[in-house]
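Accompanying notes for the structure given below.
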Amino acid sequence: MTLKELQDLILAQAKEKDWGIKPEEIIFAEKLALLHQEVSETLEAYRKGKMTGEHGVGEELGDVIMRTLQLAGIYNIDLEAEILKKIESNKSRDWSKDQLYIDRDNRAKN
Ligand SMILES: [Mg+2]
């Protein structure tokens with residue numbers, strides 16, 4: 001199954017459940033907050049040492065992907081293409097010059 005096929009399934013369920021499948025049917029910030037909630041639930045599961053099963057890290061990461069695919073689908077964003085572009089871009093990116101690492105290195109010195 002491709003990411004697009006998975007997205008189509010998620011949007012079909014979103015339509016059936018009336019969760020919104022068009023921009024005018026949702027509040028973007030709310031959908032983003034709900035996505036973030038799933039990220040937080042993933043952290044909580046991890047902190048409890050629950051990697052599998054109900055409310056485990058696996059299920060919560062699945063929720064993150066589902067909410068991401070729903071949101072992207074609502075805006076006709078081709079996530080497969082976006083991810084492939086990022087993988088390609090990462091090939092030539094030099095993290096040693098990244099500000100994040102410079103800051104981290106400076107903190108380590110202090
Ligand atoms: Mg969840």
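Residue numbers start at 1 in each chain; chains themselves are named A, B, ... in the order of the structure tokens; ligands are numbered from 1 in the order shown.
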Closest atom pairs, chain A residues within 6 Å of ligand 1, only C-alpha atoms and all ligand atoms, as a tab-separated table:
```
residue	atom	partner	partner_atom_place_in_ligand_line	distance
A:Glu38	CA	ligand 1	1 (Mg)	4.9
A:Glu41	CA	ligand 1	1 (Mg)	5.9
A:Glu60	CA	ligand 1	1 (Mg)	4.6
A:Asp63	CA	ligand 1	1 (Mg)	5.4
```
Please list as a compact mmCIF listing (two decimals) with N, CA and C atoms, in the first residue's frame every residue within 12 Å of Leu43 (chain A), counting only C-alpha atoms and excluding residues in the same chain fewer than 3 positions away.
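Ended up saving to part_19.txt:
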```txt
# COMPACT_ATOMS: atom_id res chain seq x y z
N HIS A 36 -0.31 17.41 17.27
CA HIS A 36 0.65 17.57 18.34
C HIS A 36 0.27 16.75 19.57
N GLN A 37 -1.04 16.68 19.83
CA GLN A 37 -1.52 15.87 20.96
C GLN A 37 -1.07 14.43 20.80
N GLU A 38 -1.13 13.92 19.58
CA GLU A 38 -0.70 12.54 19.34
C GLU A 38 0.81 12.38 19.57
N VAL A 39 1.57 13.41 19.23
CA VAL A 39 3.02 13.38 19.50
C VAL A 39 3.24 13.32 21.01
N SER A 40 2.46 14.11 21.74
CA SER A 40 2.58 14.10 23.21
C SER A 40 2.16 12.76 23.80
N TYR A 46 5.92 6.34 25.81
CA TYR A 46 7.34 5.99 25.94
C TYR A 46 7.79 6.12 27.39
N ARG A 47 7.37 7.22 28.03
CA ARG A 47 7.76 7.45 29.44
C ARG A 47 7.22 6.36 30.36
N LYS A 48 6.09 5.76 29.95
CA LYS A 48 5.52 4.66 30.72
C LYS A 48 6.13 3.32 30.34
N GLY A 49 7.03 3.34 29.37
CA GLY A 49 7.67 2.12 28.91
C GLY A 49 6.76 1.22 28.10
N LYS A 50 5.67 1.82 27.54
CA LYS A 50 4.68 1.04 26.79
C LYS A 50 4.93 1.22 25.29
N MET A 51 5.70 0.32 24.72
CA MET A 51 6.06 0.45 23.31
C MET A 51 4.99 -0.12 22.38
N HIS A 55 -2.64 2.22 23.33
CA HIS A 55 -2.01 3.46 23.81
C HIS A 55 -0.49 3.33 23.95
N GLY A 56 0.09 2.40 23.23
CA GLY A 56 1.55 2.25 23.21
C GLY A 56 2.17 3.18 22.18
N VAL A 57 3.49 3.23 22.19
CA VAL A 57 4.22 4.10 21.26
C VAL A 57 3.82 3.80 19.81
N GLY A 58 3.71 2.52 19.47
CA GLY A 58 3.35 2.15 18.09
C GLY A 58 2.01 2.73 17.67
N GLU A 59 1.00 2.55 18.53
CA GLU A 59 -0.33 3.07 18.20
C GLU A 59 -0.31 4.59 18.09
N GLU A 60 0.38 5.23 19.01
CA GLU A 60 0.40 6.70 19.01
C GLU A 60 1.15 7.25 17.80
N LEU A 61 2.25 6.59 17.42
CA LEU A 61 2.94 7.02 16.20
C LEU A 61 2.03 6.84 14.99
N VAL A 64 -0.17 9.76 14.84
CA VAL A 64 0.56 10.92 14.30
C VAL A 64 0.53 10.88 12.77
```
Could you check the closest approach to Pro23 (chain A) for each of A:Ser92, A:Asn106, A:Ala81, A:Ala72 and tell me which residue wins, using only C-alpha atoms? A:Ala72
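When only C-alpha atoms are used to measure the gap to Asp8 (chain A), the shortest distance among A:Thr42, A:Thr52, A:Asn90, A:Gln70 belongs to A:Gln70.
Minimum atom-to-atom distances from A:Gln7, A:Ser89, A:Gln13, A:Ser96 to Tyr75 (chain A) were compared using only C-alpha atoms, and the lowest value belongs to A:Gln7.
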Shell of 12 Å around Trp19 (chain A), only C-alpha atoms, local chain residues under 4 positions omitted, as a list in words: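 What passes the distance filter is Ile10, Leu11, Ala12, Gln13, Ala14, Lys15, Pro23, Glu24, Glu25, Ile26, Ile27, Glu30, Lys31, Leu34, Arg67, Gln70, Leu71 and Ile74 of chain A.
Note that CA of Ile21 (chain A) and CA of Leu9 (chain A) are 11.7 Å apart.
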DSSP-assigned helix (DSSP H, G or I) among region 7-43 of chain A, expressed as a ChimeraX atom specification: /A:7-17,23-25,28-43
What separation in Å, quoted to one decimal, exists between CA of Leu32 (chain A) and CA of Ile65 (chain A)?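 Rounded to one decimal, the two atoms are 12.1 Å apart.
When only C-alpha atoms are used to measure the gap to Met66 (chain A), the shortest distance among A:Leu6, A:Asp94, A:Asp78, A:Glu16 belongs to A:Leu6.
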